[in-house]
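File shown: run_39.txt (compact mmCIF, C-alpha atoms).
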# COMPACT_ATOMS: atom_id res chain seq x y z
CA MET A 1 103.31 74.49 58.29
CA SER A 2 106.34 75.99 60.03
CA VAL A 3 109.70 74.21 60.24
CA ASN A 4 110.79 75.92 63.46
CA LYS A 5 108.52 75.10 66.37
CA LEU A 6 106.96 78.06 68.15
CA CYS A 7 107.00 78.30 71.93
CA TRP A 8 104.31 80.50 73.45
CA LEU A 9 104.27 80.81 77.23
CA ASP A 10 100.85 81.51 78.74
CA VAL A 11 101.22 83.71 81.86
CA ARG A 12 97.50 84.27 82.44
CA SER A 13 97.61 82.05 85.55
CA ALA A 14 101.18 82.76 86.62
CA GLY A 15 100.24 84.54 89.86
CA ARG A 16 102.95 86.01 92.09
CA GLU A 17 105.77 84.39 90.10
CA LYS A 18 104.74 86.18 86.90
CA LYS A 19 107.63 88.65 86.92
CA ALA A 20 110.28 85.97 87.38
CA ILE A 21 108.61 83.73 84.80
CA LEU A 22 108.62 86.56 82.27
CA GLU A 23 112.30 87.28 82.93
CA GLU A 24 113.16 83.64 82.31
CA ALA A 25 110.98 83.56 79.19
CA LEU A 26 112.85 86.49 77.69
CA HIS A 27 116.21 85.00 78.66
CA GLN A 28 115.26 81.73 76.95
CA ARG A 29 113.97 83.63 73.92
CA VAL A 30 110.52 82.12 73.81
CA ASP A 31 108.68 83.10 70.66
CA GLY A 32 105.58 84.51 72.30
CA VAL A 33 104.12 85.53 75.65
CA VAL A 34 100.36 85.09 76.06
CA ALA A 35 98.43 87.35 78.45
CA GLU A 36 94.84 88.37 79.05
CA ASP A 37 95.73 91.84 80.33
CA PRO A 38 97.40 94.21 77.83
CA ALA A 39 99.36 95.67 80.76
CA ASP A 40 101.33 92.41 81.04
CA LEU A 41 102.58 92.93 77.50
CA GLU A 42 103.55 96.59 77.80
CA ALA A 43 107.13 96.11 79.00
CA LEU A 44 107.99 93.21 76.68
CA PRO A 45 110.59 93.91 73.97
CA PRO A 46 109.75 93.58 70.26
CA SER A 47 111.93 90.46 70.09
CA VAL A 48 109.03 88.44 71.55
CA THR A 49 105.56 88.19 70.03
CA ARG A 50 103.06 89.80 72.40
CA VAL A 51 99.89 87.72 72.27
CA LEU A 52 96.63 88.88 73.82
CA LEU A 53 94.14 86.10 74.54
CA PRO A 54 91.20 87.55 76.49
CA ARG A 55 89.12 85.24 78.67
CA GLY A 56 85.92 87.15 77.87
CA PRO A 57 84.52 90.11 75.91
CA GLU A 58 84.92 92.42 78.90
CA SER A 59 88.69 92.18 78.47
CA LEU A 60 88.43 94.02 75.14
CA GLU A 61 86.97 97.24 76.48
CA GLY A 62 90.35 98.86 77.13
CA GLY A 63 91.75 98.07 73.68
CA PHE A 64 94.69 95.85 72.75
CA GLY A 65 97.61 97.89 74.06
CA ARG A 66 100.92 96.85 72.47
CA ALA A 67 99.73 93.40 71.45
CA ASP A 68 101.18 92.04 68.20
CA VAL A 69 98.64 89.20 67.92
CA VAL A 70 95.12 89.13 69.31
CA VAL A 71 93.41 85.74 69.44
CA LEU A 72 89.63 85.71 69.73
CA PRO A 73 86.81 83.14 69.49
CA LEU A 74 85.10 85.26 66.86
CA GLY A 75 83.91 84.54 63.34
CA PRO A 76 85.60 85.92 60.19
CA ALA A 77 83.20 88.86 59.77
CA GLU A 78 83.67 90.15 63.32
CA ARG A 79 87.43 89.80 63.15
CA ALA A 80 87.51 91.51 59.75
CA GLU A 81 85.94 94.57 61.34
CA LEU A 82 88.55 94.57 64.08
CA ALA A 83 91.36 94.10 61.57
CA GLU A 84 90.17 97.16 59.69
CA ALA A 85 90.04 99.20 62.88
CA TYR A 86 93.45 97.96 64.13
CA PRO A 87 95.68 97.48 61.06
CA GLN A 88 98.82 97.20 63.21
CA VAL A 89 97.53 94.03 64.92
CA GLU A 90 97.38 90.48 63.56
CA PHE A 91 94.25 88.59 64.50
CA GLY A 92 93.89 84.88 65.09
CA ARG A 93 91.11 82.53 66.01
CA TYR A 94 90.74 80.56 69.23
CA VAL A 95 88.88 77.27 68.90
CA GLU A 96 87.98 74.85 71.68
CA ILE A 97 87.59 71.28 70.44
CA ALA A 98 85.29 69.08 72.49
CA ASP A 99 83.13 67.48 69.79
CA ALA A 100 82.80 66.96 66.04
CA ALA A 101 81.49 70.50 65.46
CA GLY A 102 84.51 71.99 67.23
CA LEU A 103 86.82 69.78 65.17
CA ASP A 104 85.25 70.99 61.93
CA GLU A 105 85.66 74.58 63.07
CA ALA A 106 89.30 73.93 63.96
CA CYS A 107 89.98 72.46 60.50
CA ARG A 108 88.45 75.53 58.84
CA ALA A 109 90.49 77.86 61.00
CA ALA A 110 93.72 75.98 60.34
CA ARG A 111 93.14 76.19 56.59
CA THR A 112 92.22 79.88 56.48
CA GLU A 113 93.60 81.78 59.48
CA LYS A 114 97.06 83.24 59.95
CA TRP A 115 96.94 82.12 63.59
CA SER A 116 94.83 79.24 64.94
CA VAL A 117 95.05 78.62 68.67
CA LEU A 118 93.49 75.26 69.43
CA GLU A 119 92.55 73.80 72.80
CA PHE A 120 91.56 70.13 72.83
CA ARG A 121 89.45 69.00 75.77
CA ASP A 122 90.08 65.26 75.31
CA PRO A 123 93.51 63.69 75.87
CA THR A 124 93.53 61.81 72.54
CA LYS A 125 95.73 63.32 69.82
CA ILE A 126 93.60 61.98 66.95
CA PRO A 127 91.69 65.30 66.53
CA LEU A 128 95.00 67.18 66.28
CA GLU A 129 96.20 64.71 63.65
CA ILE A 130 93.03 65.41 61.66
CA VAL A 131 93.58 69.17 61.89
CA ILE A 132 97.22 68.89 60.82
CA ALA A 133 96.24 66.74 57.84
CA ALA A 134 93.42 69.12 56.89
CA ALA A 135 95.77 72.11 57.00
CA ALA A 136 98.60 70.56 54.96
CA GLY A 137 100.00 73.25 52.70
CA ALA A 138 98.10 76.08 54.39
CA PRO A 139 100.17 79.24 55.06
CA GLY A 140 98.94 79.86 58.60
CA SER A 141 100.28 78.58 61.91
CA ILE A 142 98.62 76.15 64.32
CA VAL A 143 99.40 76.74 67.99
CA THR A 144 98.12 73.99 70.30
CA ALA A 145 97.46 74.50 74.00
CA VAL A 146 99.31 71.96 76.16
CA GLY A 147 99.34 71.21 79.85
CA ASP A 148 103.03 70.44 80.34
CA VAL A 149 106.35 69.81 78.64
CA GLU A 150 105.70 66.10 78.04
CA GLU A 151 102.53 66.92 76.16
CA ALA A 152 104.44 69.57 74.21
CA ARG A 153 106.90 66.91 73.00
CA VAL A 154 104.02 64.76 71.77
CA VAL A 155 102.34 67.68 70.02
CA PHE A 156 105.57 68.73 68.32
CA GLY A 157 105.87 65.26 66.77
CA CYS A 158 102.24 64.58 65.91
CA LEU A 159 101.93 63.00 62.42
CA GLU A 160 105.73 63.49 62.13
CA LEU A 161 104.95 67.12 61.21
CA GLY A 162 103.64 68.33 64.52
CA SER A 163 101.80 71.46 65.44
CA ASP A 164 103.59 74.64 64.34
CA GLY A 165 103.80 75.62 67.98
CA VAL A 166 102.46 75.14 71.46
CA MET A 167 100.99 77.43 74.08
CA MET A 168 101.95 76.13 77.51
CA THR A 169 100.63 77.48 80.79
CA ALA A 170 103.48 78.79 82.93
CA ARG A 171 103.24 77.47 86.48
CA ALA A 172 106.74 78.07 87.80
CA VAL A 173 110.20 79.34 86.99
CA GLY A 174 111.89 76.68 84.86
CA ASP A 175 108.92 76.03 82.58
CA ALA A 176 110.25 78.29 79.82
CA THR A 177 113.61 76.52 79.86
CA GLU A 178 112.05 73.08 79.65
CA LEU A 179 109.69 74.16 76.87
CA LYS A 180 112.52 75.52 74.73
CA ARG A 181 114.46 72.33 75.27
CA ALA A 182 111.46 70.26 74.14
CA ALA A 183 111.09 72.40 71.02
CA ALA A 184 114.71 72.02 69.99
CA SER A 185 114.70 70.15 66.71
CA PRO A 186 115.70 66.52 67.27
CA THR A 187 116.95 66.38 63.74
CA GLY A 188 120.07 67.92 62.28
CA GLU A 189 123.40 66.83 60.92
CA LEU A 190 126.62 65.57 62.41
CA VAL A 191 129.98 65.73 60.68
CA LEU A 192 131.10 62.19 59.88
CA THR A 193 134.75 61.40 59.23
CA GLU A 194 136.42 58.57 57.34
CA LEU A 195 138.54 56.63 59.82
CA GLU A 196 141.26 54.16 58.86
CA VAL A 197 141.37 50.86 60.72
CA THR A 198 144.79 50.32 62.31
CA ALA A 199 144.32 47.09 64.28
CA THR A 200 141.83 44.50 65.51
CA ALA A 201 142.13 42.10 68.44
CA HIS A 202 140.02 39.27 69.89
CA LEU A 203 139.32 40.03 73.54
CA GLY A 204 137.52 36.96 74.83
CA MET A 205 134.18 37.06 76.64
CA GLY A 206 132.29 40.09 77.90
CA GLU A 207 128.88 41.71 77.96
CA ARG A 208 127.54 43.43 74.88
CA ALA A 209 124.31 45.36 74.32
CA CYS A 210 121.80 45.17 71.49
CA VAL A 211 119.74 48.37 71.31
CA ASP A 212 116.20 47.64 70.10
CA THR A 213 114.42 50.81 69.06
CA CYS A 214 110.73 51.57 68.52
CA SER A 215 111.43 52.68 64.94
CA TYR A 216 112.29 51.07 61.64
CA LEU A 217 115.91 51.93 60.89
CA ARG A 218 117.15 52.26 57.32
CA GLN A 219 119.94 50.27 55.72
CA ASP A 220 122.23 53.31 55.79
CA GLU A 221 121.38 54.16 59.39
CA GLY A 222 122.62 53.13 62.80
CA ILE A 223 123.94 54.62 66.03
CA LEU A 224 127.35 55.99 66.98
CA VAL A 225 129.29 53.89 69.49
CA GLY A 226 132.78 54.15 70.91
CA SER A 227 134.94 53.33 73.89
CA HIS A 228 135.92 57.00 74.22
CA SER A 229 133.68 60.07 74.22
CA LYS A 230 135.85 61.82 71.62
CA GLY A 231 135.58 59.17 68.93
CA MET A 232 132.79 56.85 67.79
CA ILE A 233 132.09 54.54 64.85
CA LEU A 234 128.75 54.21 63.05
CA CYS A 235 127.29 50.78 63.88
CA VAL A 236 124.66 49.76 61.32
CA SER A 237 121.17 48.50 62.05
CA GLU A 238 120.30 44.85 61.41
CA THR A 239 118.47 45.71 58.20
CA HIS A 240 120.79 43.76 55.91
CA PRO A 241 120.00 40.11 55.11
CA LEU A 242 121.69 37.29 56.99
CA PRO A 243 121.78 33.63 55.94
CA TYR A 244 120.71 32.11 59.26
CA MET A 245 118.25 34.59 60.75
CA PRO A 246 115.68 37.19 59.71
CA THR A 247 116.55 40.86 59.70
CA ARG A 248 115.79 42.97 62.76
CA PRO A 249 115.24 46.43 61.25
CA PHE A 250 114.72 47.98 64.68
CA ARG A 251 117.99 46.72 66.19
CA VAL A 252 121.60 47.79 66.42
CA ASN A 253 124.08 45.26 67.82
CA ALA A 254 125.89 48.15 69.37
CA GLY A 255 128.89 47.06 71.41
CA ALA A 256 130.32 46.38 74.83
CA ILE A 257 128.35 47.75 77.76
CA HIS A 258 130.96 50.39 78.75
CA SER A 259 130.66 52.09 75.35
CA TYR A 260 129.34 55.58 74.76
CA THR A 261 126.51 56.41 72.38
CA VAL A 262 124.99 59.76 71.45
CA VAL A 263 121.50 60.54 72.73
CA GLU A 264 119.20 63.55 72.30
CA ASN A 265 120.39 67.10 72.99
CA GLY A 266 124.01 66.18 72.30
CA ARG A 267 124.51 64.14 75.46
CA THR A 268 126.12 60.73 75.69
CA ASN A 269 125.08 57.66 77.65
CA TYR A 270 126.80 54.38 78.33
CA LEU A 271 125.06 51.53 76.55
CA SER A 272 124.52 49.95 79.97
CA GLU A 273 122.46 53.00 81.02
CA LEU A 274 119.93 52.68 78.20
CA GLY A 275 116.58 51.01 78.75
CA ALA A 276 112.96 51.08 77.66
CA GLY A 277 111.96 54.71 77.16
CA SER A 278 115.49 56.04 76.56
CA ARG A 279 116.01 58.17 73.46
CA VAL A 280 119.05 57.74 71.22
CA LEU A 281 120.29 59.47 68.10
CA ALA A 282 119.96 57.51 64.85
CA VAL A 283 122.51 58.66 62.27
CA ASP A 284 122.79 57.87 58.55
CA VAL A 285 125.86 57.88 56.30
CA ALA A 286 125.24 61.51 55.31
CA GLY A 287 125.27 62.57 58.97
CA ARG A 288 121.52 63.23 59.10
CA THR A 289 120.09 62.48 62.52
CA ARG A 290 116.79 61.77 64.23
CA VAL A 291 115.82 60.85 67.76
CA VAL A 292 114.37 57.35 68.23
CA SER A 293 112.95 55.75 71.36
CA VAL A 294 114.44 52.60 72.85
CA GLY A 295 112.05 49.73 73.45
CA ARG A 296 114.53 47.29 74.99
CA VAL A 297 118.23 46.74 75.54
CA LYS A 298 119.48 43.14 75.42
CA ILE A 299 122.70 42.57 77.37
CA GLU A 300 124.27 39.14 76.96
CA THR A 301 127.68 37.54 77.36
CA ARG A 302 129.40 37.12 74.00
CA PRO A 303 132.93 36.99 72.58
CA LEU A 304 134.24 40.49 71.87
CA ILE A 305 136.49 42.09 69.26
CA SER A 306 138.37 45.39 69.59
CA ILE A 307 138.71 47.69 66.57
CA ASP A 308 141.22 50.56 66.55
CA ALA A 309 141.05 53.33 63.95
CA VAL A 310 142.66 56.69 63.31
CA ALA A 311 141.28 59.94 61.92
CA PRO A 312 143.09 62.03 59.29
CA ASP A 313 144.13 64.47 62.03
CA GLY A 314 145.69 61.70 64.10
CA ARG A 315 142.95 61.24 66.67
CA THR A 316 142.38 57.62 67.62
CA VAL A 317 139.10 55.77 68.02
CA ASN A 318 138.27 52.42 69.62
CA LEU A 319 135.16 50.30 69.36
CA ILE A 320 134.52 46.95 71.06
CA LEU A 321 131.86 44.80 69.40
CA GLN A 322 130.51 41.28 69.58
CA ASP A 323 133.06 39.07 67.84
CA ASP A 324 130.83 37.72 65.08
CA TRP A 325 130.87 38.47 61.37
CA HIS A 326 127.16 39.41 61.25
CA VAL A 327 127.85 42.43 63.50
CA ARG A 328 128.53 45.28 61.12
CA VAL A 329 129.65 48.88 60.80
CA LEU A 330 129.25 51.38 57.97
CA GLY A 331 131.92 52.65 55.64
CA PRO A 332 132.08 55.46 53.08
CA GLY A 333 129.13 55.54 50.70
CA GLY A 334 127.12 53.26 52.94
CA THR A 335 129.38 50.23 52.50
CA VAL A 336 128.40 47.51 54.98
CA LEU A 337 131.45 46.01 56.67
CA ASN A 338 131.48 42.81 58.74
CA SER A 339 133.39 43.60 61.90
CA THR A 340 135.40 40.37 61.94
CA HIS A 341 136.59 40.99 58.36
CA LEU A 342 138.03 44.43 59.06
CA GLU A 343 141.74 44.79 58.39
CA PRO A 344 144.29 47.61 58.74
CA GLY A 345 143.73 50.08 55.92
CA ASP A 346 139.95 49.60 55.73
CA LYS A 347 137.85 52.76 56.00
CA VAL A 348 134.90 53.16 58.37
CA LEU A 349 132.64 56.11 59.15
CA GLY A 350 132.90 57.80 62.52
CA HIS A 351 132.23 60.97 64.47
CA LEU A 352 134.74 62.97 66.50
CA PRO A 353 133.06 65.08 69.21
CA THR A 354 135.27 67.94 70.35
CA ALA A 355 134.30 68.15 74.03
CA ASP A 356 135.04 65.88 76.94
CA ARG A 357 132.12 64.54 78.97
CA HIS A 358 130.96 64.75 82.55
CA VAL A 359 127.89 62.60 83.35
CA GLY A 360 127.10 62.70 79.64
CA TYR A 361 127.28 66.48 79.20
CA PRO A 362 129.96 68.11 77.02
CA ILE A 363 132.47 70.06 79.14
CA ASP A 364 135.69 71.90 78.37
CA GLU A 365 138.15 70.32 80.79
CA PHE A 366 141.19 68.08 80.77
CA CYS A 367 140.22 64.44 80.36
CA LEU A 368 142.50 61.63 79.22
CA GLU A 369 140.84 58.47 77.88
CA GLN A 370 143.01 55.52 76.90
Let me see the file written as structure tokens.
Amino acid sequence: MSVNKLCWLDVRSAGREKKAILEEALHQRVDGVVAEDPADLEALPPSVTRVLLPRGPESLEGGFGRADVVVLPLGPAERAELAEAYPQVEFGRYVEIADAAGLDEACRAARTEKWSVLEFRDPTKIPLEIVIAAAAGAPGSIVTAVGDVEEARVVFGCLELGSDGVMMTARAVGDATELKRAAASPTGELVLTELEVTATAHLGMGERACVDTCSYLRQDEGILVGSHSKGMILCVSETHPLPYMPTRPFRVNAGAIHSYTVVENGRTNYLSELGAGSRVLAVDVAGRTRVVSVGRVKIETRPLISIDAVAPDGRTVNLILQDDWHVRVLGPGGTVLNSTHLEPGDKVLGHLPTADRHVGYPIDEFCLEQ
């Protein structure tokens, strides 16, 4: 299975907007363009995979043109003959899955073919999960037909491995951009910095937010929160035992409602903006990240504590949390630190974004936060 997700844009039904859609697809560097007419592939540069997917046998009479990959609903023997006749072309197998027989065929293709293009007729993703499991360790690539970007996101994450790629029908300009954004890996690494606590202060009452996710968070994992967009501290999940209450391994007691947190695609949101269905970035002490969905945000009035810290380069960071010892942050090596016990000189883990923010997007402009 591939690590990088493939984006194939299907222009077979693009109509009058086809030219503009193709221009955008090339600009966004989609991995493949799918056409039924070899003429639509002629002008495409070698930087994009030119995929020919005929709708019927009559489409084959004129040959394959400059196609790099030809996908056909043919058996191995028939495709072997074509491969011998056209050694410069890679051949794949198209399988439509509407019943158990189609699913079995898809599993065989995924295990044996270099390219398997699968189209599922039912909305359930269980058949795709079965195919992905059946093809574990196979060298070929599974490309799944999807109807829109939202379905592409689901397919990319199916069984936590996902399909190697998707083939999405292009309906309008903008589809290629959205597809590439959906394929961008939600995982990666952030640079975490050891910050030194310089001061703490009790602030009195205010509203704080608990972020309840739809995922189990690990003991070395939480979310980044800060009063300023250029400096945040790693607030740990409630996975560590407490004497008076059970653990909540899905929750981060994150901070005051004005605070920033990092969400998918490098944006920030205020904690007050999050709600059911939002997606935030979970971060561990090594800086590894993953996107998790929010199931609920609990905002309640609680006493608050302010924590000031400084980075080795002199940049300052502030975090305002619920003023209670069971609210915790993470320190070097995964040390769990009770917020009310922090003192000047203690070390905490944080992240120092370099760009200012405008409506959550990074932007290079003057912005003073204090």
Practice task
Kindly give the distance, in Å, that separates CA of Leu9 in chain A and CA of Thr112 in chain A, rounded to a single decimal.
Solution key: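 Separation of CA of Leu9 in chain A and CA of Thr112 in chain A: 24.0 Å.
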Exercise for the section: Compile the contact shell of Gly222 in chain A as a ChimeraX atom specification: residues with an atom at most 6 Å away, counting only C-alpha atoms, same-chain residues fewer than 4 positions apart removed. Expected result: /A:235-237,282-283
Exercise for the section: Just the residues within 8 Å of range 63-76 of chain A, please, counting all atoms listed in the file, with nothing from its chain fewer than 2 positions along; format it as a PyMOL selection string. Expected result: chain A and resi 38-39+41-42+49-54+60-61+78-80+88-95+115+117
Completion exercise
Among A:Gly157, A:Pro332, A:Pro243, A:Gly287, Lys5 in chain A is approached most closely, using all atoms listed in the file, by A:Gly157
Practice task
Quick one: pull the distance between CA of Leu224 in chain A and CA of Tyr270 in chain A, Å, one decimal.
Solution key: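 These two atoms are separated by 11.5 Å.
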Practice task
Return the single residue from A:Arg302, A:Gly345, A:Ser227, A:Leu274 that is closest to Val317 in chain A, with distances computed using all atoms listed in the file.
Solution key: A:Ser227
Handout entry: Selected residue, from A:Thr177, A:Gln219, A:Asn265, A:Ser229, that lies nearest to Arg328 in chain A when counting all atoms listed in the file
Key =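 Counting all atoms listed in the file, the residue closest to Arg328 in chain A is A:Gln219.
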Practice task
Give me, please, the distance in Å between CA of Asp313 in chain A and CA of Leu195 in chain A, quoted to one decimal.
Solution key: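 If I compute the distance from CA of Asp313 in chain A to CA of Leu195 in chain A, I get 9.9 Å.
With distances taken over all atoms listed in the file, A:Leu128 is the one residue among A:Met205, A:Ala199, A:Leu128, A:Val263 lying closest to Ala106 in chain A.
The shell of residues at most 7 Å from Gly350 in chain A, with all atoms listed in the file counted and near chain neighbours (fewer than 4 positions) removed, consists of Leu192, Thr193, Glu194, Leu195, Met232, Ile233 and Leu234 of chain A.
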Okay, now the selection with C-alpha atoms, as an mmCIF file, keeping the file's coordinate frame?
data_model
loop_
_atom_site.group_PDB
_atom_site.id
_atom_site.type_symbol
_atom_site.label_atom_id
_atom_site.label_comp_id
_atom_site.auth_asym_id
_atom_site.auth_seq_id
_atom_site.Cartn_x
_atom_site.Cartn_y
_atom_site.Cartn_z
ATOM 1 C CA LEU A 192 131.100 62.190 59.880
ATOM 2 C CA THR A 193 134.750 61.400 59.230
ATOM 3 C CA GLU A 194 136.420 58.570 57.340
ATOM 4 C CA LEU A 195 138.540 56.630 59.820
ATOM 5 C CA MET A 232 132.790 56.850 67.790
ATOM 6 C CA ILE A 233 132.090 54.540 64.850
ATOM 7 C CA LEU A 234 128.750 54.210 63.050
#
Handout entry: Expected residue set, 12 Å radius at (110.6, 72.4, 77.7), all atoms listed in the file, as a ChimeraX atom specification
Key = /A:5-9,25,28,30,146-154,156,166-170,173-185
If I wrap all listed atoms of range 288-306 of chain A in a box with edges along x, y and z and add 3 Å on each side, what are its centre and edge lengths in Å to one decimal, as AutoDock Vina command-line options?
--center_x 125.2 --center_y 50.1 --center_z 68.2 --size_x 32.3 --size_y 32.2 --size_z 24.3
